[in-house]
Amino acid sequence: MQAIITDNLSKQYTDNKNAVDHISLTLDQGEVFGFLGPNGAGKTTTVKLLNGMLIPSEGSCQVFGMDPAQIPENIHALSGVVTEHAQMYDNLTGLENLIFYGSIFGVNTSESKVRAAALLKQLDLVTAKDQKLSTYSTGMRQRLSLARALIHHPKILFLDEPTSGLDPESAQNVNQFIRNLAKENGITVFLCTHQLRYAQEICTRYGLMEEGKLLALGTLEQLRSNIVSDITVRIKSSYFPEWLPHKQIGKLDFEVTVQLEEEIPHIIKQLVEAGSNIYQVVAKHPSLEDIYFALTAKQKEVTQ
């Protein structure tokens with residue numbers, strides 16, 4: 001069964017502008033899906049629609065075959081949500097917060113304690129489990145928020161900037177934790193972020209949003225095929241002949257531009273035949289950031 005299906009999903013507010021504008025997509029179970037775009041792109045509204053917090057103006061959506069607008073309580077039972085600003089109780093300890101939220105989802109106290117202990121260990125919060133939440137740093141609160149969202153063993157996890165406020169090491173640990181949730185537990189991850197470089201590191205597939213519209217959907221390779229973009233090849237060599245087009249960026253570092261990877265071996269062969277020693281060859285493909293800006297520029301051209 002597919003985790004998420006949206007069909008021309010739209011949400012219009014009182015200003016007659018579609019915050020979400022006829023989005024159609026599907027997500028398989030166990031995907032780490034990056035839902036990407038700047039603030040105001042429609043990411044949060046989409047998550048609220050998928051969780052039954054808002055009713056669509058047009059179109060429909062399903063989460064594991066259920067309509068959130070019809071039975072939101074069923075969706076809440078199988079989903080975990082982590083917002084950018086963790087909302088929990090400052091007067092409770094980390095452990096008490098997890099036990100409390102476990103009870104909301106029908107998990108008894110003894111089982112909540114077992115699950116909480118495992119999550120606190122995985123998220124490096126064991127030493128702070130008996131501290132009041134008011135003493136937690138922003139990063140600690142964010143990690144506890146992730147534990148809270150997982151206390152009831154959800155099938156799908158909605159994340160909004162999950163590494164906000166985390167130091168690099170903690171962010172790396174959380175990223176690995178998220179990957180393992182999908183790979184080992186089959187949890188579907190719906191990750192909302194405007195940090196495209198971060199999303200490229202963790203997600204398996206992407207949806208690129210701009211002003212409520214879904215500009216593109218697919219894997220990184222599929223998205224790259226949507227734009228016409230040259231490949232920059234950095235070559236470290238002892239010599240680069242003038243007759244071969246290039247740009248020198250260092251004493252032994254040169255860049256050439258090609259349209260297809262198949263052109264690279266021919267260039268290297270020409271260099272070797274010209275008497276050059278080759279030390280390194282690196283092809284730089286368009287990043288997710290490059291793709292996004294290319295697509296938004298194309299969208300603006302269409303609307304002008």
# chains A, B, ... in the order shown; residues from 1 in each chain; ligands from 1

$ select_by_dssp --residues "segment 125-177 of chain A" --states "strand (DSSP E or B)" --output "number ranges by chain"
A: 132, 156-160

$ residues_around --residues "segment 7-14 of chain A" --least-positions-apart "2" --cutoff "6 Å" --atoms "only C-alpha atoms" --output "mmCIF file with N, CA, C and O atoms, in the first residue's frame"
data_model
loop_
_atom_site.group_PDB
_atom_site.id
_atom_site.type_symbol
_atom_site.label_atom_id
_atom_site.label_comp_id
_atom_site.auth_asym_id
_atom_site.auth_seq_id
_atom_site.Cartn_x
_atom_site.Cartn_y
_atom_site.Cartn_z
ATOM 1 N N ASN A 16 -8.284 34.211 -1.857
ATOM 2 C CA ASN A 16 -8.465 33.578 -3.175
ATOM 3 C C ASN A 16 -7.161 33.101 -3.808
ATOM 4 O O ASN A 16 -7.103 32.842 -5.006
ATOM 5 N N LYS A 17 -6.135 32.987 -2.992
ATOM 6 C CA LYS A 17 -4.865 32.461 -3.490
ATOM 7 C C LYS A 17 -4.698 31.031 -2.999
ATOM 8 O O LYS A 17 -4.959 30.731 -1.827
ATOM 9 N N ASN A 18 -4.292 30.164 -3.901
ATOM 10 C CA ASN A 18 -4.075 28.768 -3.530
ATOM 11 C C ASN A 18 -2.759 28.613 -2.787
ATOM 12 O O ASN A 18 -1.687 28.771 -3.375
ATOM 13 N N ALA A 19 -2.834 28.315 -1.496
ATOM 14 C CA ALA A 19 -1.616 28.027 -0.733
ATOM 15 C C ALA A 19 -1.030 26.704 -1.191
ATOM 16 O O ALA A 19 0.187 26.506 -1.178
ATOM 17 N N VAL A 20 -1.910 25.784 -1.577
ATOM 18 C CA VAL A 20 -1.525 24.530 -2.217
ATOM 19 C C VAL A 20 -2.329 24.447 -3.504
ATOM 20 O O VAL A 20 -3.558 24.549 -3.488
ATOM 21 N N ASP A 21 -1.633 24.287 -4.620
ATOM 22 C CA ASP A 21 -2.259 24.472 -5.925
ATOM 23 C C ASP A 21 -2.211 23.198 -6.771
ATOM 24 O O ASP A 21 -1.268 22.940 -7.500
ATOM 25 N N HIS A 22 -3.243 22.338 -6.617
ATOM 26 C CA HIS A 22 -3.429 21.150 -7.443
ATOM 27 C C HIS A 22 -2.190 20.248 -7.470
ATOM 28 O O HIS A 22 -1.595 20.003 -8.520
ATOM 29 N N ILE A 23 -1.821 19.778 -6.303
ATOM 30 C CA ILE A 23 -0.658 18.900 -6.160
ATOM 31 C C ILE A 23 -1.076 17.437 -6.313
ATOM 32 O O ILE A 23 -2.015 16.983 -5.654
ATOM 33 N N SER A 24 -0.363 16.714 -7.152
ATOM 34 C CA SER A 24 -0.573 15.273 -7.306
ATOM 35 C C SER A 24 0.754 14.562 -7.116
ATOM 36 O O SER A 24 1.733 14.856 -7.826
ATOM 37 N N PRO A 56 -9.418 20.103 2.303
ATOM 38 C CA PRO A 56 -9.056 20.585 0.966
ATOM 39 C C PRO A 56 -10.151 21.447 0.343
ATOM 40 O O PRO A 56 -11.345 21.194 0.551
ATOM 41 N N SER A 57 -9.749 22.464 -0.410
ATOM 42 C CA SER A 57 -10.698 23.241 -1.195
ATOM 43 C C SER A 57 -11.072 22.489 -2.463
ATOM 44 O O SER A 57 -12.205 22.572 -2.939
ATOM 45 N N GLU A 58 -10.094 21.772 -2.996
ATOM 46 C CA GLU A 58 -10.311 20.929 -4.172
ATOM 47 C C GLU A 58 -9.417 19.707 -4.038
ATOM 48 O O GLU A 58 -8.455 19.688 -3.278
ATOM 49 N N GLY A 59 -9.734 18.680 -4.835
ATOM 50 C CA GLY A 59 -8.902 17.490 -4.861
ATOM 51 C C GLY A 59 -9.039 16.667 -3.589
ATOM 52 O O GLY A 59 -9.922 16.883 -2.762
ATOM 53 N N SER A 60 -8.122 15.720 -3.440
ATOM 54 C CA SER A 60 -8.201 14.798 -2.303
ATOM 55 C C SER A 60 -6.818 14.290 -1.936
ATOM 56 O O SER A 60 -5.849 14.445 -2.688
#

$ residues_around --residues "segment 248-253 of chain A" --least-positions-apart "5" --cutoff "12 Å" --atoms "only C-alpha atoms" --output "MDAnalysis selection string"
chainID A and resid 233:242 276:282

$ write_last_selection --atoms "C-alpha atoms" --output "PDB file, in the first residue's frame"
ATOM      1  CA  VAL A 233      34.692  18.629 -14.961  1.00  0.00           C
ATOM      2  CA  ARG A 234      37.619  19.552 -12.725  1.00  0.00           C
ATOM      3  CA  ILE A 235      40.904  18.037 -13.876  1.00  0.00           C
ATOM      4  CA  LYS A 236      44.193  18.100 -11.993  1.00  0.00           C
ATOM      5  CA  SER A 237      46.986  17.599 -14.490  1.00  0.00           C
ATOM      6  CA  SER A 238      50.559  18.589 -15.191  1.00  0.00           C
ATOM      7  CA  TYR A 239      49.756  20.261 -18.506  1.00  0.00           C
ATOM      8  CA  PHE A 240      46.724  21.514 -20.403  1.00  0.00           C
ATOM      9  CA  PRO A 241      47.164  22.418 -24.092  1.00  0.00           C
ATOM     10  CA  GLU A 242      45.870  25.804 -25.188  1.00  0.00           C
ATOM     11  CA  SER A 276      49.996  15.443 -19.633  1.00  0.00           C
ATOM     12  CA  ASN A 277      50.009  13.484 -16.364  1.00  0.00           C
ATOM     13  CA  ILE A 278      46.480  13.157 -14.920  1.00  0.00           C
ATOM     14  CA  TYR A 279      46.185  13.245 -11.125  1.00  0.00           C
ATOM     15  CA  GLN A 280      42.465  13.678 -10.578  1.00  0.00           C
ATOM     16  CA  VAL A 281      39.192  13.942 -12.525  1.00  0.00           C
ATOM     17  CA  VAL A 282      35.967  15.055 -10.814  1.00  0.00           C
TER      18      VAL A 282
END

$ closest_atom_pairs --of "segment 64-84 of chain A" --to "segment 104-116 of chain A" --cutoff "10 Å" --atoms "only C-alpha atoms" --output "Markdown table"
| residue | atom | partner | partner_atom | distance |
| --- | --- | --- | --- | --- |
| A:His76 | CA | A:Phe105 | CA | 8.8 |
| A:Ala77 | CA | A:Phe105 | CA | 6.7 |
| A:Leu78 | CA | A:Phe105 | CA | 9.4 |

$ closest_residue --among "A:Gln62, A:Leu215, A:Leu49, A:Met88" --to "Thr296 of chain A" --atoms "only C-alpha atoms"
A:Leu215
